[in-house]
file coords-v6.txt (compact mmCIF, C-alpha atoms)
# COMPACT_ATOMS: atom_id res chain seq x y z
CA MET A 1 -49.60 36.75 -44.51
CA LYS A 2 -46.13 37.57 -45.78
CA ARG A 3 -46.02 38.39 -49.51
CA ALA A 4 -43.10 38.04 -51.89
CA PRO A 5 -41.43 41.39 -52.77
CA GLU A 6 -42.57 41.31 -56.40
CA ILE A 7 -46.18 40.60 -55.37
CA ARG A 8 -45.95 43.38 -52.79
CA GLU A 9 -44.76 45.82 -55.47
CA ALA A 10 -47.52 44.79 -57.82
CA ASP A 11 -50.07 45.22 -55.03
CA GLU A 12 -48.72 48.66 -54.20
CA ALA A 13 -48.92 49.67 -57.85
CA ARG A 14 -52.53 48.50 -57.96
CA ALA A 15 -53.38 50.47 -54.83
CA ARG A 16 -51.61 53.51 -56.18
CA GLU A 17 -53.54 53.32 -59.44
CA ALA A 18 -56.84 52.91 -57.61
CA ILE A 19 -56.17 55.85 -55.30
CA ALA A 20 -55.00 58.07 -58.17
CA SER A 21 -58.07 57.36 -60.26
CA TRP A 22 -60.50 57.75 -57.36
CA VAL A 23 -58.99 60.94 -55.92
CA GLY A 24 -58.28 62.33 -59.39
CA ALA A 25 -61.96 61.98 -60.24
CA ALA A 26 -62.71 64.62 -57.59
CA ALA A 27 -61.70 67.35 -59.99
CA SER A 28 -64.80 69.41 -59.43
CA ARG A 29 -64.75 72.96 -60.70
CA ARG A 30 -66.09 76.19 -59.38
CA SER A 31 -66.02 79.44 -61.28
CA ALA A 32 -64.20 82.52 -60.04
CA ARG A 33 -67.48 84.43 -59.87
CA GLU A 34 -69.12 81.69 -57.80
CA ILE A 35 -66.19 81.69 -55.36
CA ALA A 36 -66.06 85.48 -55.13
CA GLU A 37 -69.80 85.67 -54.43
CA ARG A 38 -69.44 83.38 -51.42
CA LEU A 39 -66.69 85.42 -49.80
CA PRO A 40 -67.66 87.38 -46.72
CA ALA A 41 -66.76 91.02 -46.25
CA ARG A 42 -63.24 91.31 -44.98
CA ARG A 43 -63.04 93.05 -41.62
CA SER A 44 -60.85 96.08 -42.04
CA ARG A 45 -58.52 97.02 -39.24
CA GLY A 46 -59.12 100.74 -39.85
CA GLY A 47 -62.86 100.29 -39.33
CA PHE A 48 -62.26 98.36 -36.13
CA ILE A 49 -59.97 101.07 -34.77
CA LEU A 50 -62.54 103.75 -35.62
CA VAL A 51 -65.29 101.83 -33.81
CA LEU A 52 -62.99 101.30 -30.81
CA LEU A 53 -62.13 105.01 -30.76
CA ALA A 54 -65.80 105.98 -30.93
CA ALA A 55 -66.57 103.60 -28.05
CA VAL A 56 -63.78 105.15 -25.94
CA VAL A 57 -65.09 108.68 -26.63
CA VAL A 58 -68.66 107.71 -25.73
CA ALA A 59 -67.50 105.97 -22.54
CA ALA A 60 -65.35 108.96 -21.56
CA THR A 61 -68.27 111.35 -22.14
CA LEU A 62 -70.65 109.24 -20.09
CA PHE A 63 -68.36 108.78 -17.12
CA GLU A 64 -66.67 112.15 -17.17
CA ARG A 65 -66.77 114.10 -13.93
CA PRO A 66 -66.33 117.81 -13.97
CA ALA A 67 -63.02 119.08 -12.68
CA ARG A 68 -63.22 120.74 -9.30
CA VAL A 69 -61.27 123.82 -8.34
CA ASP A 70 -60.97 125.37 -4.96
CA ALA A 71 -63.05 128.49 -4.79
CA PRO A 72 -61.65 131.53 -3.03
CA ALA A 73 -62.46 132.00 0.60
CA GLY A 74 -65.86 133.45 1.12
CA PRO A 75 -69.43 132.39 1.28
CA SER A 76 -69.01 129.68 -1.27
CA ALA A 77 -65.77 128.32 0.19
CA GLU A 78 -67.41 125.20 1.51
CA ARG A 79 -68.83 124.31 -1.85
CA PRO A 80 -66.24 124.32 -4.64
CA THR A 81 -67.68 125.30 -7.99
CA PRO A 82 -67.46 122.68 -10.75
CA VAL A 83 -65.68 124.23 -13.66
CA ARG A 84 -65.00 123.02 -17.15
CA GLU A 85 -62.58 124.89 -19.30
CA LEU A 86 -62.21 124.45 -23.02
CA THR A 87 -59.08 125.91 -24.60
CA VAL A 88 -58.67 126.26 -28.34
CA VAL A 89 -55.32 127.29 -29.82
CA LEU A 90 -55.68 128.87 -33.26
CA SER A 91 -53.02 128.50 -35.92
CA SER A 92 -52.04 132.12 -35.37
CA GLY A 93 -51.13 131.24 -31.79
CA THR A 94 -54.15 132.92 -30.19
CA ARG A 95 -55.58 130.99 -27.23
CA LEU A 96 -59.32 131.02 -26.73
CA SER A 97 -60.54 129.81 -23.37
CA ILE A 98 -64.16 129.15 -22.56
CA VAL A 99 -65.02 128.48 -18.95
CA LEU A 100 -68.16 126.42 -18.44
CA SER A 101 -69.61 126.38 -15.00
CA SER A 102 -72.80 124.92 -13.69
CA GLU A 103 -73.03 127.61 -11.04
CA ARG A 104 -72.59 131.30 -11.20
CA ASN A 105 -69.59 132.60 -9.31
CA PRO A 106 -70.49 135.33 -6.87
CA MET B 1 -43.30 51.47 -61.00
CA GLU B 2 -45.27 54.10 -62.90
CA THR B 3 -46.12 57.19 -60.94
CA THR B 4 -49.29 59.16 -61.53
CA SER B 5 -48.60 62.81 -60.95
CA PHE B 6 -50.91 65.75 -60.62
CA PRO B 7 -50.00 69.35 -61.43
CA VAL B 8 -49.39 71.50 -58.37
CA ASP B 9 -48.70 75.15 -57.53
CA SER B 10 -50.21 76.91 -60.51
CA VAL B 11 -49.46 80.35 -59.06
CA ALA B 12 -46.32 81.90 -60.47
CA PRO B 13 -44.11 84.00 -58.20
CA GLY B 14 -44.83 87.72 -58.46
CA ASP B 15 -48.27 87.05 -59.90
CA PRO B 16 -50.24 90.32 -60.18
CA VAL B 17 -53.48 88.44 -59.44
CA VAL B 18 -52.09 87.44 -56.02
CA ASP B 19 -51.08 91.05 -55.39
CA ALA B 20 -54.55 92.29 -56.32
CA ALA B 21 -56.21 89.66 -54.12
CA CYS B 22 -53.97 90.59 -51.19
CA ASP B 23 -55.01 94.21 -51.67
CA GLY B 24 -58.67 93.21 -51.23
CA ASP B 25 -59.79 92.59 -54.84
CA ARG B 26 -62.54 90.01 -54.42
CA ASP B 27 -62.67 89.12 -58.14
CA ALA B 28 -58.91 88.62 -58.27
CA PHE B 29 -59.17 86.24 -55.33
CA GLY B 30 -61.97 84.43 -57.16
CA ARG B 31 -59.74 83.96 -60.22
CA LEU B 32 -56.91 82.74 -58.03
CA ALA B 33 -59.16 80.30 -56.19
CA GLU B 34 -60.56 79.01 -59.48
CA ARG B 35 -57.02 78.07 -60.53
CA GLU B 36 -56.30 76.36 -57.21
CA TRP B 37 -59.68 74.70 -56.78
CA GLU B 38 -58.94 71.46 -58.58
CA GLY B 39 -55.70 70.72 -56.73
CA CYS B 40 -57.24 71.63 -53.40
CA ALA B 41 -60.30 69.44 -54.08
CA ARG B 42 -58.09 66.44 -54.84
CA LEU B 43 -56.04 67.03 -51.72
CA ALA B 44 -59.20 67.36 -49.62
CA ARG B 45 -60.66 64.18 -51.06
CA ALA B 46 -57.49 62.23 -50.34
CA ILE B 47 -57.35 63.43 -46.72
CA LEU B 48 -61.07 63.04 -46.04
CA ALA B 49 -61.10 59.66 -47.83
CA SER B 50 -64.62 60.54 -48.82
CA ASP B 51 -66.62 62.32 -51.50
CA LEU B 52 -68.59 64.09 -48.83
CA GLU B 53 -67.84 67.63 -47.76
CA VAL B 54 -64.93 68.04 -50.20
CA GLU B 55 -66.41 71.17 -51.73
CA ASP B 56 -67.54 72.53 -48.37
CA GLN B 57 -64.10 72.09 -46.85
CA VAL B 58 -62.33 73.70 -49.81
CA GLN B 59 -64.78 76.61 -49.82
CA ASP B 60 -64.34 77.08 -46.06
CA ALA B 61 -60.57 77.01 -46.49
CA LEU B 62 -60.87 79.66 -49.20
CA VAL B 63 -62.96 81.87 -46.92
CA ALA B 64 -60.36 81.45 -44.16
CA ALA B 65 -57.62 82.29 -46.67
CA TRP B 66 -59.51 85.37 -47.88
CA ARG B 67 -59.83 86.61 -44.30
CA SER B 68 -56.19 86.16 -43.39
CA LEU B 69 -54.77 87.15 -46.78
CA PRO B 70 -53.57 90.56 -45.51
CA LYS B 71 -51.32 88.64 -43.08
CA LEU B 72 -49.64 86.65 -45.88
CA ARG B 73 -46.00 87.73 -45.85
CA ASP B 74 -44.59 85.86 -48.84
CA ARG B 75 -47.06 86.37 -51.68
CA ALA B 76 -45.09 84.08 -54.00
CA ARG B 77 -45.94 81.19 -51.63
CA PHE B 78 -49.69 81.71 -51.90
CA ALA B 79 -50.40 78.23 -53.28
CA ALA B 80 -48.45 76.46 -50.50
CA TRP B 81 -50.07 78.70 -47.90
CA LEU B 82 -53.55 77.88 -49.20
CA ARG B 83 -52.77 74.18 -49.24
CA ARG B 84 -51.64 74.37 -45.64
CA ILE B 85 -55.04 75.81 -44.73
CA VAL B 86 -56.86 73.08 -46.71
CA ILE B 87 -54.74 70.35 -45.07
CA ARG B 88 -55.28 71.70 -41.55
CA ARG B 89 -59.06 71.93 -42.02
CA CYS B 90 -59.39 68.52 -43.66
CA VAL B 91 -57.20 66.72 -41.12
CA ARG B 92 -59.24 68.25 -38.31
CA ARG B 93 -62.51 67.34 -40.05
CA ALA B 94 -61.39 63.80 -40.81
CA ARG B 95 -60.39 63.28 -37.16
CA LEU B 96 -63.75 64.64 -36.03
CA SER B 97 -65.60 62.36 -38.42
CA ARG B 98 -64.64 59.38 -36.24
CA TRP B 99 -67.26 60.69 -33.82
CA LEU B 100 -69.38 62.87 -36.08
CA PRO B 101 -70.38 61.38 -39.43
CA LEU B 102 -69.57 63.51 -42.44
CA LYS B 103 -72.65 65.30 -43.64
CA ARG B 104 -73.84 64.53 -47.11
CA MET B 105 -72.67 66.97 -49.76
CA ARG B 106 -75.42 69.03 -51.29
CA GLY B 107 -76.92 67.30 -54.30
CA THR B 108 -74.18 64.71 -54.66
CA ALA B 109 -74.48 61.03 -54.07
CA PRO B 110 -71.74 59.53 -51.87
CA SER B 111 -70.30 57.40 -54.63
CA SER B 112 -70.55 59.78 -57.56
CA ALA B 113 -66.99 59.19 -58.78
CA PRO B 114 -66.49 56.36 -61.23
CA GLU B 115 -64.56 53.37 -59.96
CA THR B 116 -61.95 52.71 -62.61
CA SER B 117 -60.14 50.04 -60.65
CA SER B 118 -61.28 46.79 -59.13
CA LEU B 119 -59.66 47.88 -55.87
CA ASP B 120 -61.76 50.03 -53.55
CA ALA B 121 -59.55 53.08 -53.04
CA ARG B 122 -61.79 54.49 -50.33
CA ARG B 123 -61.46 51.33 -48.30
CA VAL B 124 -57.69 51.41 -48.67
CA LEU B 125 -57.50 55.09 -47.68
CA ALA B 126 -59.95 54.64 -44.82
CA GLY B 127 -57.42 52.34 -43.15
CA LEU B 128 -54.96 55.23 -42.80
CA SER B 129 -54.95 58.17 -40.44
CA PRO B 130 -55.71 61.61 -41.95
CA ARG B 131 -52.04 62.62 -41.68
CA GLN B 132 -50.88 59.40 -43.30
CA ARG B 133 -53.27 60.07 -46.17
CA ALA B 134 -51.94 63.61 -46.52
CA VAL B 135 -48.33 62.39 -46.55
CA LEU B 136 -49.16 59.68 -49.08
CA TRP B 137 -50.99 62.05 -51.43
CA LEU B 138 -48.51 64.91 -51.25
CA GLY B 139 -45.48 62.65 -51.67
CA GLU B 140 -46.56 59.83 -53.92
CA PHE B 141 -48.98 61.66 -56.19
CA GLU B 142 -47.98 65.31 -56.10
CA GLY B 143 -44.30 64.38 -55.96
CA ARG B 144 -43.39 66.82 -53.19
CA PRO B 145 -40.13 66.31 -51.26
CA ASP B 146 -40.25 65.33 -47.58
CA ALA B 147 -39.07 68.74 -46.40
CA GLU B 148 -41.95 70.46 -48.18
CA ILE B 149 -44.51 67.95 -46.89
CA ALA B 150 -43.13 68.50 -43.40
CA SER B 151 -43.55 72.23 -43.77
CA LEU B 152 -47.09 71.87 -45.15
CA LEU B 153 -48.16 69.57 -42.32
CA GLY B 154 -46.23 71.35 -39.59
CA ILE B 155 -44.29 68.21 -38.63
CA SER B 156 -40.66 67.08 -38.95
CA ALA B 157 -39.27 65.31 -42.02
CA SER B 158 -38.58 62.19 -39.95
CA THR B 159 -42.26 62.11 -38.89
CA VAL B 160 -43.19 62.37 -42.58
CA ARG B 161 -41.04 59.31 -43.31
CA ALA B 162 -42.59 57.44 -40.38
CA HIS B 163 -46.10 58.26 -41.60
CA ARG B 164 -45.21 57.05 -45.11
CA ARG B 165 -43.78 53.79 -43.78
CA GLN B 166 -46.88 53.20 -41.67
CA ALA B 167 -49.17 54.08 -44.58
CA ARG B 168 -47.47 51.54 -46.85
CA LEU B 169 -47.70 48.82 -44.23
CA ARG B 170 -51.36 49.49 -43.61
CA ILE B 171 -52.12 49.53 -47.34
CA GLN B 172 -50.45 46.16 -47.75
CA GLU B 173 -52.47 44.78 -44.86
CA ARG B 174 -55.69 46.01 -46.42
CA LEU B 175 -55.09 44.63 -49.88
CA PRO B 176 -57.22 41.59 -50.70

call {"tool": "encode", "arguments": {"input": "coords-v6.txt", "output": "structure tokens"}}
result
Amino acid sequence: MKRAPEIREADEARAREAIASWVGAAASRRSAREIAERLPARRSRGGFILVLLAAVVVAATLFERPARVDAPAGPSAERPTPVRELTVVLSSGTRLSIVLSSERNP
Amino acid sequence: METTSFPVDSVAPGDPVVDAACDGDRDAFGRLAEREWEGCARLARAILASDLEVEDQVQDALVAAWRSLPKLRDRARFAAWLRRIVIRRCVRRARLSRWLPLKRMRGTAPSSAPETSSLDARRVLAGLSPRQRAVLWLGEFEGRPDAEIASLLGISASTVRAHRRQARLRIQERLP
């Protein structure tokens, strides 16, 4: 049904008033403390990176294979000796090398 | 025609409370959310066209805001940013409620708000789409310009105007 413009305006005003009073009545309140208590812990990026780093180190340790070097010609030539070498450089410039081997070189 | 307006954007630019909240101060965020709660609850109620889940949706939006607060670039726009989160959540929830009924809010009867008008506002709002309700509320009651509404809803200003036109037509159709 087509309404006259003035009736339409009056209707709109009535609807507007009804919506404003109904929605406006929703003004519930919640205290700052109540809101803060419901907040979850924020995931920190630093923590995530640390966990990721730790996972990489653990994975690398688990799957690490010892480096192999060619042994000099001789009785053990057919079986190269697995060798691990740890080098530490001190602040004074001194290099400390520790050679770890699972077998004794002849 | 007399316009009922509601106060919006209570966060002042350069507010130290926003800065503290962004830096991870939980209590500061609580104070900030307390200030914004009322406006967000009204917005949520208008979009959901229901009393149900208003508080849950606002609280969920606040949790989402708290989590992504470190990503907020323009701290002076905190209020608008929070509203965008509330709108997105409520529009999604209202669309879902066509298939899934809204769950009853804890301890609150569905029609707890007093009806001050002979016209059933919920019935009128229920005839509109969630986006139309958002456009209507933000423009007609919060007095926001089309460009701002468009930015809040992530749509163009011309779509805002189209939604408003459609909303008015549907309201007129629904009036007794």

call {"tool": "closest_atom_pairs", "arguments": {"input": "coords-v6.txt", "of": "range 16-113 of chain B", "to": "range 132-147 of chain B", "cutoff": "12 Å", "atoms": "all atoms listed in the file", "output": "Markdown table"}}
result
| residue | atom | partner | partner_atom | distance |
| --- | --- | --- | --- | --- |
| B:Gly39 | CA | B:Glu142 | CA | 9.4 |
| B:Cys40 | CA | B:Leu138 | CA | 11.2 |
| B:Arg42 | CA | B:Trp137 | CA | 9.0 |
| B:Leu43 | CA | B:Trp137 | CA | 7.1 |
| B:Ala44 | CA | B:Ala134 | CA | 8.7 |
| B:Arg45 | CA | B:Arg133 | CA | 9.8 |
| B:Ala46 | CA | B:Arg133 | CA | 6.3 |
| B:Ile47 | CA | B:Arg133 | CA | 5.3 |
| B:Leu48 | CA | B:Arg133 | CA | 8.3 |
| B:Ala49 | CA | B:Arg133 | CA | 8.0 |
| B:Ser50 | CA | B:Arg133 | CA | 11.7 |
| B:Ala80 | CA | B:Arg144 | CA | 11.2 |
| B:Arg83 | CA | B:Leu138 | CA | 10.4 |
| B:Arg84 | CA | B:Ala134 | CA | 10.8 |
| B:Val86 | CA | B:Ala134 | CA | 10.7 |
| B:Ile87 | CA | B:Ala134 | CA | 7.4 |
| B:Arg88 | CA | B:Ala134 | CA | 10.1 |
| B:Arg89 | CA | B:Ala134 | CA | 11.8 |
| B:Cys90 | CA | B:Ala134 | CA | 9.4 |
| B:Val91 | CA | B:Ala134 | CA | 8.2 |
| B:Arg92 | CA | B:Ala134 | CA | 11.9 |
| B:Ala94 | CA | B:Arg133 | CA | 10.4 |
| B:Arg95 | CA | B:Arg133 | CA | 11.9 |

call {"tool": "closest_residue", "arguments": {"input": "coords-v6.txt", "among": "A:Thr87, A:Ala15, A:Leu53, A:Ala60", "to": "chain B", "atoms": "only C-alpha atoms"}}
result
A:Ala15

call {"tool": "interface_residues", "arguments": {"input": "coords-v6.txt", "of": "chain A", "to": "chain B", "cutoff": "7 Å", "atoms": "all atoms listed in the file", "output": "PDB file with C-alpha atoms, in the frame of the given file"}}
result
ATOM      1  CA  ALA A  13     -48.920  49.670 -57.850  1.00  0.00           C
ATOM      2  CA  ALA A  15     -53.380  50.470 -54.830  1.00  0.00           C
ATOM      3  CA  ALA A  18     -56.840  52.910 -57.610  1.00  0.00           C
ATOM      4  CA  ILE A  19     -56.170  55.850 -55.300  1.00  0.00           C
ATOM      5  CA  ALA A  20     -55.000  58.070 -58.170  1.00  0.00           C
ATOM      6  CA  SER A  21     -58.070  57.360 -60.260  1.00  0.00           C
ATOM      7  CA  TRP A  22     -60.500  57.750 -57.360  1.00  0.00           C
ATOM      8  CA  VAL A  23     -58.990  60.940 -55.920  1.00  0.00           C
ATOM      9  CA  GLY A  24     -58.280  62.330 -59.390  1.00  0.00           C
ATOM     10  CA  ALA A  25     -61.960  61.980 -60.240  1.00  0.00           C
ATOM     11  CA  ALA A  26     -62.710  64.620 -57.590  1.00  0.00           C
ATOM     12  CA  ALA A  27     -61.700  67.350 -59.990  1.00  0.00           C
ATOM     13  CA  SER A  28     -64.800  69.410 -59.430  1.00  0.00           C
ATOM     14  CA  ARG A  29     -64.750  72.960 -60.700  1.00  0.00           C
ATOM     15  CA  ARG A  30     -66.090  76.190 -59.380  1.00  0.00           C
ATOM     16  CA  SER A  31     -66.020  79.440 -61.280  1.00  0.00           C
ATOM     17  CA  ALA A  32     -64.200  82.520 -60.040  1.00  0.00           C
ATOM     18  CA  ARG A  33     -67.480  84.430 -59.870  1.00  0.00           C
ATOM     19  CA  ILE A  35     -66.190  81.690 -55.360  1.00  0.00           C
ATOM     20  CA  ALA A  36     -66.060  85.480 -55.130  1.00  0.00           C
ATOM     21  CA  LEU A  39     -66.690  85.420 -49.800  1.00  0.00           C
ATOM     22  CA  ARG A  42     -63.240  91.310 -44.980  1.00  0.00           C
TER      23      ARG A  42
END

call {"tool": "atom_distance", "arguments": {"input": "coords-v6.txt", "atom1": "CA of Arg75 in chain B", "atom2": "CA of Asp19 in chain B"}}
result
7.2 Å

call {"tool": "atom_distance", "arguments": {"input": "coords-v6.txt", "atom1": "CA of Asp56 in chain B", "atom2": "CA of Glu17 in chain A"}}
result
26.2 Å

call {"tool": "closest_residue", "arguments": {"input": "coords-v6.txt", "among": "B:Arg93, B:Ala167, B:Arg131, B:Arg77", "to": "Ile155 in chain B", "atoms": "all atoms listed in the file"}}
result
B:Arg131
